[in-house]
Structure formats: structure tokens, C-alpha cells
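Dropping my_file-v6.csv in here (CSV, C-alpha atoms):
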chain,number,residue,atom,x,y,z
B,1,MET,CA,-8.0,-13.9,-21.5
B,2,ASP,CA,-10.7,-15.9,-19.8
B,3,ALA,CA,-10.0,-14.2,-16.5
B,4,MET,CA,-10.3,-10.8,-18.2
B,5,ASN,CA,-13.5,-11.8,-19.9
B,6,ALA,CA,-14.9,-12.9,-16.6
B,7,MET,CA,-13.9,-9.6,-15.0
B,8,ASP,CA,-15.7,-7.7,-17.8
B,9,ALA,CA,-18.8,-9.7,-17.3
B,10,MET,CA,-18.8,-9.0,-13.6
B,11,MET,CA,-18.3,-5.3,-14.2
B,12,SER,CA,-21.2,-5.2,-16.6
B,13,GLY,CA,-23.5,-7.0,-14.2
B,14,ALA,CA,-22.5,-4.8,-11.3
B,15,ALA,CA,-23.0,-1.7,-13.5
B,16,GLY,CA,-26.5,-2.9,-14.4
B,17,HIS,CA,-27.3,-3.5,-10.7
B,18,ARG,CA,-26.1,0.1,-9.9
B,19,ARG,CA,-28.4,1.6,-12.5
B,20,GLY,CA,-31.3,-0.3,-11.2
B,21,GLY,CA,-30.8,0.8,-7.6
B,22,SER,CA,-29.3,4.2,-8.0
B,23,HIS,CA,-32.1,6.0,-6.2
B,24,THR,CA,-32.1,4.1,-3.0
B,25,MET,CA,-29.9,4.5,0.0
B,26,ARG,CA,-28.6,1.4,1.8
B,27,GLU,CA,-29.8,1.5,5.4
B,28,ILE,CA,-27.3,-0.4,7.6
B,29,PRO,CA,-28.7,-0.4,11.1
B,30,ARG,CA,-26.3,-1.3,14.0
B,31,GLY,CA,-26.1,-5.0,14.4
B,32,PHE,CA,-26.9,-5.7,10.8
B,33,GLY,CA,-24.8,-8.6,9.5
B,34,MET,CA,-22.6,-7.1,6.8
B,35,LYS,CA,-20.4,-8.9,4.3
B,36,ILE,CA,-17.0,-7.3,4.4
B,37,VAL,CA,-14.3,-8.1,1.8
B,38,PHE,CA,-10.8,-7.4,3.2
B,39,PHE,CA,-7.9,-7.0,0.8
B,40,GLY,CA,-4.5,-7.1,2.6
B,41,ASN,CA,-1.3,-5.9,0.8
B,42,SER,CA,1.0,-8.5,2.3
B,43,THR,CA,1.1,-11.9,4.1
B,44,GLU,CA,0.3,-12.3,7.7
B,45,LYS,CA,4.0,-11.9,8.6
B,46,ASN,CA,3.3,-8.2,8.1
B,47,ALA,CA,2.2,-6.7,11.5
B,48,ALA,CA,-0.5,-4.5,9.8
B,49,ILE,CA,-2.1,-7.5,8.3
B,50,ARG,CA,-2.2,-9.3,11.6
B,51,TYR,CA,-3.4,-6.4,13.7
B,52,ARG,CA,-5.3,-4.1,11.3
B,53,VAL,CA,-6.9,-6.8,9.2
B,54,LEU,CA,-7.0,-10.3,10.7
B,55,HIS,CA,-7.7,-9.3,14.3
B,56,PHE,CA,-10.5,-6.8,13.4
B,57,ALA,CA,-12.0,-9.4,11.0
B,58,ALA,CA,-12.1,-11.9,13.8
B,59,MET,CA,-13.9,-9.4,16.1
B,60,LEU,CA,-16.4,-8.6,13.3
B,61,ARG,CA,-17.1,-12.3,12.9
B,62,GLN,CA,-17.9,-12.6,16.6
B,63,GLU,CA,-20.5,-9.9,16.1
B,64,GLY,CA,-22.2,-11.8,13.3
B,65,HIS,CA,-20.6,-10.2,10.2
B,66,GLU,CA,-19.3,-12.2,7.3
B,67,CYS,CA,-15.6,-11.4,6.5
B,68,VAL,CA,-13.8,-12.6,3.4
B,69,VAL,CA,-10.0,-12.0,3.7
B,70,CYS,CA,-8.0,-11.8,0.5
B,71,LEU,CA,-4.2,-11.8,0.9
B,72,PRO,CA,-1.8,-11.7,-2.0
B,73,SER,CA,-0.1,-15.0,-1.1
B,74,SER,CA,0.8,-17.4,1.7
B,75,VAL,CA,3.8,-16.8,3.9
B,76,ARG,CA,5.5,-19.9,2.6
B,77,LEU,CA,5.0,-18.9,-1.1
B,78,ARG,CA,6.5,-15.4,-0.5
B,79,GLU,CA,9.4,-16.8,1.4
B,80,ARG,CA,10.1,-19.4,-1.3
B,81,PHE,CA,9.9,-17.1,-4.3
B,82,PHE,CA,10.4,-13.5,-3.2
B,83,GLU,CA,12.3,-12.8,0.0
B,84,GLY,CA,16.0,-12.7,-0.8
B,85,ARG,CA,15.5,-14.4,-4.1
B,86,SER,CA,16.6,-13.7,-7.7
B,87,ARG,CA,14.8,-11.2,-9.9
B,88,TRP,CA,13.4,-14.0,-12.0
B,89,LEU,CA,11.9,-15.8,-9.1
B,90,LYS,CA,10.5,-12.5,-7.8
B,91,LEU,CA,8.9,-11.8,-11.2
B,92,LEU,CA,7.3,-15.3,-11.1
B,93,TYR,CA,6.0,-14.6,-7.7
B,94,LEU,CA,4.5,-11.3,-8.8
B,95,MET,CA,2.8,-13.0,-11.8
B,96,LEU,CA,1.3,-15.6,-9.4
B,97,VAL,CA,0.1,-12.7,-7.1
B,98,ALA,CA,-1.5,-10.9,-10.1
B,99,LEU,CA,-3.4,-14.1,-11.1
B,100,ARG,CA,-4.6,-14.7,-7.5
B,101,ARG,CA,-5.7,-11.1,-7.2
B,102,ILE,CA,-7.8,-11.3,-10.4
B,103,GLY,CA,-9.5,-14.4,-8.9
B,104,GLN,CA,-10.2,-12.6,-5.6
B,105,VAL,CA,-12.1,-9.8,-7.4
B,106,ARG,CA,-15.1,-12.2,-7.7
B,107,HIS,CA,-15.9,-11.5,-4.0
B,108,VAL,CA,-16.3,-7.8,-4.4
B,109,ALA,CA,-19.7,-7.3,-6.1
B,110,GLY,CA,-21.7,-9.0,-3.4
B,111,GLY,CA,-20.0,-7.2,-0.5
B,112,ASP,CA,-21.6,-4.5,1.7
B,113,VAL,CA,-18.2,-2.9,2.0
B,114,VAL,CA,-14.7,-3.5,0.7
B,115,PHE,CA,-11.7,-2.7,2.9
B,116,MET,CA,-8.3,-2.2,1.2
B,117,ARG,CA,-5.3,-2.4,3.5
B,118,GLY,CA,-2.8,-0.7,1.2
B,119,PRO,CA,-2.4,-1.4,-2.6
B,120,LEU,CA,-3.8,-4.5,-4.1
B,121,PHE,CA,-0.6,-4.9,-6.1
B,122,ASP,CA,2.8,-3.6,-5.1
B,123,TYR,CA,3.8,-2.2,-8.5
B,124,GLY,CA,2.3,-0.1,-11.3
B,125,PRO,CA,-0.9,2.0,-11.3
B,126,PRO,CA,-4.0,1.0,-9.3
B,127,VAL,CA,-5.7,-0.9,-12.1
B,128,LEU,CA,-7.3,-3.5,-9.8
B,129,GLU,CA,-8.4,-0.9,-7.4
B,130,ARG,CA,-10.4,0.8,-10.2
B,131,VAL,CA,-12.0,-2.5,-11.2
B,132,VAL,CA,-13.0,-3.1,-7.5
B,133,HIS,CA,-14.4,0.4,-7.3
B,134,ARG,CA,-16.4,-0.1,-10.5
B,135,LEU,CA,-17.9,-3.3,-9.1
B,136,ASN,CA,-18.5,-1.9,-5.6
B,137,PRO,CA,-18.0,1.8,-4.8
B,138,ARG,CA,-18.3,1.2,-1.0
B,139,VAL,CA,-14.6,1.1,-0.5
B,140,VAL,CA,-12.6,2.0,2.6
B,141,PHE,CA,-8.8,2.3,2.2
B,142,ASP,CA,-6.4,2.0,5.1
B,143,ILE,CA,-2.8,3.1,5.6
B,144,ASP,CA,-0.4,3.1,8.6
B,145,ASP,CA,2.7,4.6,6.9
B,146,ALA,CA,3.6,7.5,4.7
B,147,ILE,CA,3.7,5.3,1.6
B,148,TRP,CA,3.7,8.4,-0.7
B,149,GLU,CA,7.3,8.8,0.4
B,150,PRO,CA,10.1,6.5,-0.7
B,151,PRO,CA,11.3,4.1,2.0
B,152,ALA,CA,14.5,5.2,3.8
B,153,HIS,CA,16.8,2.3,3.5
B,154,VAL,CA,15.6,0.4,0.4
B,155,ASP,CA,17.6,0.0,-2.7
B,156,SER,CA,15.7,-2.1,-5.2
B,157,PRO,CA,15.3,-2.0,-9.0
B,158,PHE,CA,11.6,-2.7,-8.4
B,159,LEU,CA,11.2,0.6,-6.5
B,160,ARG,CA,10.9,2.6,-9.7
B,161,PHE,CA,7.6,0.8,-10.4
B,162,VAL,CA,6.0,1.7,-7.2
B,163,ASP,CA,3.1,4.2,-7.5
B,164,PHE,CA,3.8,6.8,-4.8
B,165,GLY,CA,0.6,8.6,-5.8
B,166,TRP,CA,-1.6,5.7,-4.6
B,167,VAL,CA,-3.0,7.4,-1.5
B,168,ARG,CA,-3.9,10.6,-3.5
B,169,LYS,CA,-5.8,8.4,-6.1
B,170,MET,CA,-7.6,6.4,-3.4
B,171,ALA,CA,-8.6,9.6,-1.6
B,172,GLY,CA,-10.3,10.8,-4.8
B,173,MET,CA,-12.1,7.4,-5.3
B,174,CYS,CA,-13.0,5.8,-2.0
B,175,ALA,CA,-16.0,6.3,0.4
B,176,HIS,CA,-13.9,6.4,3.6
B,177,ALA,CA,-10.3,6.4,4.8
B,178,VAL,CA,-8.9,4.7,7.9
B,179,VAL,CA,-5.4,6.0,8.9
B,180,GLY,CA,-3.0,5.1,11.7
B,181,ASN,CA,-2.2,8.6,13.0
B,182,ARG,CA,-2.7,12.3,12.7
B,183,VAL,CA,0.2,12.8,10.2
B,184,LEU,CA,-1.5,10.4,7.8
B,185,GLU,CA,-4.9,12.0,8.4
B,186,GLN,CA,-3.5,15.5,7.5
B,187,TYR,CA,-2.1,14.2,4.2
B,188,VAL,CA,-5.3,12.4,3.2
B,189,ARG,CA,-7.3,15.6,4.2
B,190,GLU,CA,-5.1,17.6,1.8
B,191,CYS,CA,-5.8,15.1,-1.0
B,192,ASN,CA,-9.6,15.3,-0.5
B,193,PRO,CA,-10.9,17.8,2.1
B,194,GLY,CA,-14.4,16.3,2.1
B,195,MET,CA,-13.4,12.6,2.6
B,196,PRO,CA,-14.6,11.0,5.9
B,197,ILE,CA,-11.5,9.9,7.8
B,198,THR,CA,-11.2,7.7,10.9
B,199,VAL,CA,-7.9,7.6,12.9
B,200,ILE,CA,-7.2,4.1,14.3
B,201,PRO,CA,-3.7,3.2,15.4
B,202,THR,CA,-2.2,-0.2,14.8
B,203,CYS,CA,-3.7,-1.7,17.9
B,204,ILE,CA,-2.2,-4.2,20.4
B,205,ASP,CA,-3.8,-7.6,21.2
B,206,MET,CA,-3.5,-7.4,25.0
B,207,ALA,CA,-4.4,-11.1,25.4
B,208,ARG,CA,-1.3,-12.1,23.4
B,209,HIS,CA,0.9,-9.3,24.7
B,210,ALA,CA,0.8,-10.7,28.2
B,211,GLN,CA,2.7,-9.1,31.1
B,212,LYS,CA,6.4,-10.2,31.2
B,213,THR,CA,8.3,-11.2,34.2
B,214,TYR,CA,11.4,-9.2,35.1
B,215,ASP,CA,14.8,-10.9,35.5
B,216,ASP,CA,17.2,-8.8,37.5
B,217,ALA,CA,19.8,-11.4,38.3
B,218,ALA,CA,23.2,-10.1,39.2
B,219,GLY,CA,25.8,-10.5,36.4
B,220,ARG,CA,23.2,-10.9,33.7
B,221,PRO,CA,23.8,-8.6,30.7
B,222,VAL,CA,21.1,-6.0,30.1
B,223,ARG,CA,19.4,-6.8,26.8
B,224,LEU,CA,18.6,-3.9,24.4
B,225,GLY,CA,15.9,-5.1,21.9
B,226,TRP,CA,15.1,-4.1,18.4
B,227,THR,CA,12.7,-6.0,16.0
B,228,GLY,CA,11.7,-5.0,12.5
B,229,LEU,CA,12.1,-5.4,8.8
B,230,ALA,CA,15.6,-5.8,7.4
B,231,ASP,CA,15.0,-2.7,5.3
B,232,ASN,CA,14.8,-0.7,8.5
B,233,LEU,CA,18.0,-1.9,10.2
B,234,GLY,CA,19.7,1.3,9.1
B,235,TYR,CA,17.8,3.2,11.8
B,236,LEU,CA,20.0,1.5,14.4
B,237,ASN,CA,23.0,3.4,12.9
B,238,LEU,CA,21.5,6.6,14.3
B,239,ILE,CA,22.4,5.4,17.8
B,240,ALA,CA,25.7,3.6,17.0
B,241,GLU,CA,27.9,6.0,19.1
B,242,PRO,CA,25.7,6.0,22.2
B,243,LEU,CA,25.6,2.2,22.1
B,244,ARG,CA,29.4,2.0,21.7
B,245,ALA,CA,29.9,4.3,24.7
B,246,LEU,CA,27.5,2.3,26.8
B,247,ALA,CA,29.1,-1.0,25.8
B,248,GLN,CA,32.4,0.2,27.2
B,249,ARG,CA,30.9,0.9,30.6
B,250,HIS,CA,28.2,-1.7,31.1
B,251,ASN,CA,27.4,-5.3,30.4
B,252,ILE,CA,24.9,-5.0,27.6
B,253,VAL,CA,23.9,-6.9,24.5
B,254,LEU,CA,22.0,-5.6,21.5
B,255,CYS,CA,19.4,-8.2,20.5
B,256,VAL,CA,18.1,-7.8,16.9
B,257,ALA,CA,15.3,-9.9,15.5
B,258,SER,CA,15.0,-9.2,11.8
B,259,GLY,CA,15.3,-10.7,8.3
B,260,ALA,CA,19.1,-10.0,8.1
B,261,ASP,CA,22.0,-9.7,10.5
B,262,TYR,CA,23.2,-6.4,12.0
B,263,HIS,CA,26.8,-5.7,13.2
B,264,LEU,CA,28.2,-2.8,15.1
B,265,ASP,CA,31.9,-2.6,16.0
B,266,GLY,CA,32.4,-2.4,19.7
B,267,VAL,CA,29.0,-3.7,20.7
B,268,ARG,CA,28.0,-7.3,21.3
B,269,VAL,CA,25.1,-8.1,19.0
B,270,GLU,CA,22.9,-11.1,19.2
B,271,ASN,CA,21.1,-11.7,15.8
B,272,GLN,CA,18.0,-13.8,15.4
B,273,ARG,CA,15.9,-14.4,12.3
B,274,TRP,CA,12.4,-13.0,13.0
B,275,ARG,CA,9.8,-15.8,13.2
B,276,MET,CA,6.1,-15.1,13.6
B,277,ASP,CA,5.7,-17.9,16.3
B,278,GLU,CA,8.5,-16.3,18.4
B,279,GLU,CA,7.2,-12.7,18.1
B,280,PHE,CA,6.3,-12.3,21.7
B,281,ASP,CA,9.5,-13.9,23.0
B,282,TYR,CA,11.6,-11.1,21.4
B,283,LEU,CA,9.4,-8.5,23.1
B,284,ARG,CA,9.6,-10.0,26.6
B,285,ASP,CA,13.2,-11.1,26.5
B,286,ALA,CA,14.4,-7.5,26.0
B,287,ASP,CA,15.0,-5.4,29.1
B,288,ILE,CA,14.7,-2.2,27.1
B,289,GLY,CA,13.1,-1.7,23.7
B,290,LEU,CA,14.6,0.6,21.1
B,291,MET,CA,13.0,2.6,18.3
B,292,PRO,CA,15.4,5.2,16.8
B,293,LEU,CA,14.0,7.2,13.9
B,294,ALA,CA,15.4,10.0,11.7
B,295,ASP,CA,13.1,13.0,11.5
B,296,THR,CA,12.0,12.5,7.8
B,297,PRO,CA,8.6,12.7,6.1
B,298,ARG,CA,8.5,8.9,5.8
B,299,ALA,CA,9.4,8.3,9.5
B,300,ARG,CA,6.9,10.9,10.7
B,301,GLY,CA,4.1,8.8,9.2
B,302,LYS,CA,5.0,5.7,11.1
B,303,CYS,CA,2.6,4.4,13.8
B,304,ALA,CA,5.1,3.7,16.6
B,305,PHE,CA,4.1,0.0,16.5
B,306,LYS,CA,7.5,-1.3,17.6
B,307,ALA,CA,7.2,0.9,20.7
B,308,LEU,CA,3.6,-0.1,21.3
B,309,GLN,CA,4.5,-3.8,21.2
B,310,TYR,CA,7.4,-3.5,23.6
B,311,MET,CA,5.2,-1.4,26.0
B,312,GLY,CA,2.3,-3.8,25.6
B,313,VAL,CA,4.3,-6.7,27.3
B,314,GLY,CA,5.7,-4.3,30.0
B,315,THR,CA,9.1,-3.7,28.4
B,316,PRO,CA,10.2,0.0,28.9
B,317,VAL,CA,11.3,1.8,25.7
B,318,VAL,CA,13.6,4.6,24.6
B,319,ILE,CA,12.4,6.1,21.3
B,320,SER,CA,12.9,9.1,19.0
B,321,PRO,CA,10.2,11.7,19.4
B,322,VAL,CA,9.3,11.6,15.7
B,323,GLY,CA,5.7,11.6,14.5
B,324,MET,CA,3.4,9.4,16.6
B,325,ASN,CA,6.3,8.3,18.8
B,326,ALA,CA,5.9,11.6,20.7
B,327,GLU,CA,2.3,10.8,21.5
B,328,VAL,CA,2.8,7.3,22.6
B,329,VAL,CA,5.3,7.8,25.4
B,330,GLU,CA,5.0,10.1,28.4
B,331,ASP,CA,8.6,11.0,28.9
B,332,GLY,CA,10.0,9.7,32.2
B,333,VAL,CA,6.8,7.9,33.1
B,334,THR,CA,5.9,5.3,30.4
B,335,GLY,CA,9.3,5.4,28.6
B,336,PHE,CA,11.9,7.9,27.5
B,337,LEU,CA,12.1,10.2,24.5
B,338,ALA,CA,15.6,10.8,23.1
B,339,ASP,CA,16.4,13.3,20.3
B,340,THR,CA,20.2,13.6,20.5
B,341,PRO,CA,23.0,11.1,20.9
B,342,GLU,CA,23.6,12.5,24.4
B,343,ALA,CA,20.0,11.9,25.4
B,344,TRP,CA,20.1,8.4,24.1
B,345,ARG,CA,23.2,7.6,26.1
B,346,ASP,CA,22.0,9.2,29.3
B,347,LYS,CA,18.4,7.8,29.2
B,348,LEU,CA,19.6,4.3,28.3
B,349,GLU,CA,22.1,4.4,31.1
B,350,ARG,CA,19.5,5.3,33.6
B,351,LEU,CA,17.5,2.2,32.6
B,352,ILE,CA,20.6,0.0,32.3
B,353,THR,CA,21.7,0.8,35.8
B,354,THR,CA,18.3,0.8,37.6
B,355,PRO,CA,16.4,-2.4,37.4
B,356,ASP,CA,13.6,-1.1,39.6
B,357,LEU,CA,13.1,1.8,37.1
B,358,ARG,CA,12.8,-0.6,34.3
B,359,ARG,CA,10.1,-2.5,36.2
B,360,ARG,CA,8.1,0.6,37.2
B,361,MET,CA,8.3,2.1,33.8
B,362,GLY,CA,7.4,-1.1,32.0
B,363,MET,CA,4.3,-1.7,34.1
B,364,ALA,CA,3.2,1.9,33.6
B,365,ALA,CA,3.7,1.5,29.9
B,366,ARG,CA,1.6,-1.6,29.7
B,367,GLU,CA,-1.3,0.0,31.5
B,368,SER,CA,-1.1,3.0,29.2
B,369,ILE,CA,-1.3,0.7,26.1
B,370,ARG,CA,-4.3,-1.2,27.6
B,371,ARG,CA,-6.2,2.1,28.1
B,372,ARG,CA,-5.2,3.8,24.8
B,373,TYR,CA,-4.2,1.3,22.1
B,374,ALA,CA,-5.9,-2.0,22.7
B,375,HIS,CA,-8.2,-3.4,19.9
B,376,ASP,CA,-11.2,-3.2,22.2
B,377,VAL,CA,-10.7,0.6,22.6
B,378,HIS,CA,-10.8,1.2,18.8
B,379,PHE,CA,-13.1,-1.5,17.5
B,380,PRO,CA,-16.3,0.7,17.8
B,381,ALA,CA,-14.7,3.4,15.6
B,382,PHE,CA,-13.5,0.8,13.1
B,383,LEU,CA,-17.0,-0.7,12.9
B,384,GLN,CA,-18.6,2.7,12.5
B,385,ALA,CA,-16.2,3.5,9.6
B,386,LEU,CA,-17.3,0.3,7.8
B,387,GLU,CA,-21.0,1.0,8.5
B,388,SER,CA,-20.6,4.5,7.2
B,389,ALA,CA,-19.1,3.3,3.9
B,390,ALA,CA,-21.7,0.4,3.6
B,391,ALA,CA,-24.5,3.0,3.9
B,392,ARG,CA,-23.4,4.8,0.7
B,393,ARG,CA,-25.4,4.5,-2.5
B,394,ARG,CA,-24.8,1.5,-4.8
Using the file provided, produce a representation of the structure as C-alpha cells.
Amino acid sequence: MDAMNAMDAMMSGAAGHRRGGSHTMREIPRGFGMKIVFFGNSTEKNAAIRYRVLHFAAMLRQEGHECVVCLPSSVRLRERFFEGRSRWLKLLYLMLVALRRIGQVRHVAGGDVVFMRGPLFDYGPPVLERVVHRLNPRVVFDIDDAIWEPPAHVDSPFLRFVDFGWVRKMAGMCAHAVVGNRVLEQYVRECNPGMPITVIPTCIDMARHAQKTYDDAAGRPVRLGWTGLADNLGYLNLIAEPLRALAQRHNIVLCVASGADYHLDGVRVENQRWRMDEEFDYLRDADIGLMPLADTPRARGKCAFKALQYMGVGTPVVISPVGMNAEVVEDGVTGFLADTPEAWRDKLERLITTPDLRRRMGMAARESIRRRYAHDVHFPAFLQALESAAARRR
């Protein structure tokens, strides 16, 4: 009750401030030191938090801006109370997150702009988002997935409480939208034709995605790599038959780094639990990166980040030409696109049997990522989106 009273007081104070300054426009000249409040929808284990929130926040600080980053919990707390835990522990975790979020709202009123990376709370209507908007209407929301569509391989009793209308509601409320690709841009445009939208892919930190070395030793198995959430392991089933056929003819191993094990009859699989401090090892150890997708509305909204990461360290990829994937790879030059089981088998076989092709394609892929998807390339547009929102009326 005290927390709710405090929120009411903050809202009343902010409303009075808005009434007093409603006839002036905030001028935010370039180089002005803004205060930016970042809300992330997950812990830093989530790639979007690391590369769409934390990295850009660090770049903004270097330019003299003040950044307050608000995440729902620590990695350790989520692992201890939520991931793979009972419903009761998950409920306890969600209660702790809700209390933490209420406390974080105190940062909002004094910010020049608020950046929401996804929903502030995973379940229910956007109550906290409306409180934040009431305190500070200069809100930018950010998405890198088609979160208005149910996830493909998730079966959870909590799913019924997810607000799949969150994006539409934010499009009617916020000052600016940042989206990861053109598919997401089109959807937000349909929700609000007049909303300013900036397309910024989930970028690659080229300093950390260092160039790999290539191991072509005779007799060594060719390593096919896949990393991702356990919820997405089902996508590997799309290429089960090509992998089985290739395993009969070649010395290969499927290397999976995830939150759960994956098994495929007839194929040697090496499972590893994904750890943040080993993120780049998984990318470099693979000889070929995999990103199969089904052509569904949810998959079309993905930002090809798995492919971008493999390519960023110089690992060649074979991926499904779904959504942004088709933009990322120049087929036969920086990777291969495969849309049928036969194409997957044939293109993987070319890379499995030709080490020099893997090397040439991987190096071309990394150069393409450096030119098109590095943080430095997209930071000016990100900053401009924040400045645009900060210049709105109080």
C-alpha cells in the first residue's frame, strides 16, 4: 500500500509539472547530456538486453549521457527461482519482480526519455507502462520479435496471461518506436500510421566477436553449431532428415548450446548448457552455424541474430530464408540460404567437404557484418530516435 501511495504521489507531482510546462517545447541540441531511463524485459542473459540495451547504454555514457538501466531481476535470482522451477517458485519470483518494478518507477519522472525494451512485466495488461507514460510521456518502445504472435514451441500455463496486444497498445501511447527489422516496422505502422519508427537490427559487438581461427585438421569431425533458448530447440527438427543423411556419409557432430538437451537418432549430438561467459566459444568452435526456421508469422519477425553472431566471428552459416534471414545472407557469398530439405543437405555438404569454402565464406560473412550490423553503424540512428522522443512536449 505504501508503494502504491508513493506512486500516486509521484503521478500527481508529475501531472502538476506537465500542466505548468505544457506550452513549451523541450529543445534537445545534439551533444546535450540527456538522462535516459532504460527498462529491459529480461536479465542480461537475454541477447537483446546485452546488445540492444546494455551496449547502447554504454555508448551513450561515453558521449556524456546519464543512463539508468532497470532490469526485472539479476541472472542469479531468475535461475534460482524461475528457470525450470515449480509453479510456486515462479509465482514468488514474479511477485519479487513486480515489487522491484514498482521501485524502479521512481526514476521515470526526472528522465529526458524512457526506453522500454519489451513489456515491463511478462504477464497481464500494461499497467506499469501506463503509469510510466503518465509520469513521463517521452517513451520509446523497442521490439526485436513478433511478440504479438504466440511462440512456436512453448507450452506453459502462464502463456494464457501474456498480453499479445502489447505492441498495439504501445503504438497508440509512445512517442517513438525502435524495431529490429522491416517486418516489425510494417506491423507497428499498421497499428499507428503516424508513429515515428526507427529500424535498428540487434547489432554485433565486433570487438568481442573477434575473428576465429580455422581448424582443418584431417580426421577431425566437422562441427555444426546451434545456440539458442530451449524453447526454440524444436526448429532443429525441421532439418532432422538432412542431418541424418549427412551423418551417414560424413564425420559430423551437431553441437547444441542451450538450456536443455537435444537428441536426434542417427546423429551424434554434443550438448552443452549455455553460459554467458562461454558465449563466444560456442560461435567460434562451430565450423558451420545453423539457423533453421519455419515460415510462420512469429518466425518472420525474428532478427536473424543467431546468424549474425556466427557470421560476426567468421563462421559460415546455412539458414532458412525466412524474414530478415533473407536480407542478412548473400547466398553463396556470405552464407547459404536453404528452403527445402534437399537444399539443406546439398549446401551443408558443400561446406562439410570443402574447408577452403568455409574459410572464404566465413571471412566474407564477418566483413559483411562489420559493414552492415555493427553497433557503430547504427548508434547514430539510435541516438537520433532518443533525441526525437526527448524533444516532445512534457
* Between atom CA of Asp231 of chain B and atom CA of Phe121 of chain B, measure the distance and give it in Å to one decimal. => 19.4 Å
* Leaving out His133 of chain B and any residue of its chain fewer than 6 positions from it, which residues lie within 9 Å of it when counting all atoms listed in the file, given as a VMD selection string? -> chain B and resid 108 114 139 173 to 174
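Across the model, the gap from atom CA of Arg50 of chain B to atom CA of Leu92 of chain B is 25.3 Å.
For the residues B:Gly64, B:Asp142, B:Gln309, B:Leu89, ranking by smallest atom-to-atom distance to Asp205 of chain B using all atoms listed in the file places B:Gln309 first.
The shortest atom-to-atom distance to Leu135 of chain B, with all atoms listed in the file taken into account, belongs to B:Gly111 out of B:Pro196, B:Gly234, B:Pro341, B:Gly111.
One distance worth recording is that between atom CA of Phe39 of chain B and atom CA of Val179 of chain B, which is 15.5 Å.
For the choices B:Asp122, B:Glu79, B:Glu63, B:Glu190, the atom-to-atom distance to Asn41 of chain B is smallest for B:Asp122 when using only C-alpha atoms.
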* Asked: Counting all atoms listed in the file, what is within 12 Å of Val167 of chain B, bar same-chain residues fewer than 2 positions away, as an MDAnalysis selection string?
  -> chainID B and resid 116:119 125:126 129 140:149 163:165 169:174 177:179 184:185 187:192
Residues just named, written with C-alpha atoms as a compact mmCIF listing (two decimals), keeping the file's coordinate frame:
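Saved as out_38.txt:
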# COMPACT_ATOMS: atom_id res chain seq x y z
CA MET B 116 -8.30 -2.20 1.20
CA ARG B 117 -5.30 -2.40 3.50
CA GLY B 118 -2.80 -0.70 1.20
CA PRO B 119 -2.40 -1.40 -2.60
CA PRO B 125 -0.90 2.00 -11.30
CA PRO B 126 -4.00 1.00 -9.30
CA GLU B 129 -8.40 -0.90 -7.40
CA VAL B 140 -12.60 2.00 2.60
CA PHE B 141 -8.80 2.30 2.20
CA ASP B 142 -6.40 2.00 5.10
CA ILE B 143 -2.80 3.10 5.60
CA ASP B 144 -0.40 3.10 8.60
CA ASP B 145 2.70 4.60 6.90
CA ALA B 146 3.60 7.50 4.70
CA ILE B 147 3.70 5.30 1.60
CA TRP B 148 3.70 8.40 -0.70
CA GLU B 149 7.30 8.80 0.40
CA ASP B 163 3.10 4.20 -7.50
CA PHE B 164 3.80 6.80 -4.80
CA GLY B 165 0.60 8.60 -5.80
CA LYS B 169 -5.80 8.40 -6.10
CA MET B 170 -7.60 6.40 -3.40
CA ALA B 171 -8.60 9.60 -1.60
CA GLY B 172 -10.30 10.80 -4.80
CA MET B 173 -12.10 7.40 -5.30
CA CYS B 174 -13.00 5.80 -2.00
CA ALA B 177 -10.30 6.40 4.80
CA VAL B 178 -8.90 4.70 7.90
CA VAL B 179 -5.40 6.00 8.90
CA LEU B 184 -1.50 10.40 7.80
CA GLU B 185 -4.90 12.00 8.40
CA TYR B 187 -2.10 14.20 4.20
CA VAL B 188 -5.30 12.40 3.20
CA ARG B 189 -7.30 15.60 4.20
CA GLU B 190 -5.10 17.60 1.80
CA CYS B 191 -5.80 15.10 -1.00
CA ASN B 192 -9.60 15.30 -0.50
Please output segment 38-49 of chain B, rebuilt to include N, CA and C atoms, as a compact mmCIF listing (two decimals), in the frame of the given file.
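Now in part_6.txt:
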# COMPACT_ATOMS: atom_id res chain seq x y z
N PHE B 38 -12.10 -8.00 2.80
CA PHE B 38 -10.80 -7.40 3.20
C PHE B 38 -9.75 -7.76 2.16
N PHE B 39 -9.05 -6.76 1.66
CA PHE B 39 -7.90 -7.00 0.80
C PHE B 39 -6.64 -6.52 1.64
N GLY B 40 -5.73 -7.44 1.92
CA GLY B 40 -4.50 -7.10 2.60
C GLY B 40 -3.36 -7.02 1.57
N ASN B 41 -2.41 -6.12 1.77
CA ASN B 41 -1.30 -5.90 0.80
C ASN B 41 -0.11 -6.77 1.02
N SER B 42 -0.16 -7.66 2.00
CA SER B 42 1.00 -8.50 2.30
C SER B 42 0.49 -9.79 2.96
N THR B 43 1.43 -10.64 3.34
CA THR B 43 1.10 -11.90 4.10
C THR B 43 0.90 -11.56 5.54
N GLU B 44 0.50 -12.56 6.29
CA GLU B 44 0.30 -12.30 7.70
C GLU B 44 1.56 -12.15 8.51
N LYS B 45 2.72 -12.29 7.87
CA LYS B 45 4.00 -11.90 8.60
C LYS B 45 4.00 -10.42 8.81
N ASN B 46 3.30 -9.67 8.00
CA ASN B 46 3.30 -8.20 8.10
C ASN B 46 2.38 -7.85 9.34
N ALA B 47 2.91 -7.01 10.23
CA ALA B 47 2.20 -6.70 11.50
C ALA B 47 0.85 -6.01 11.17
N ALA B 48 0.80 -5.15 10.15
CA ALA B 48 -0.50 -4.50 9.80
C ALA B 48 -1.53 -5.46 9.39
N ILE B 49 -1.13 -6.53 8.70
CA ILE B 49 -2.10 -7.50 8.30
C ILE B 49 -2.64 -8.26 9.53
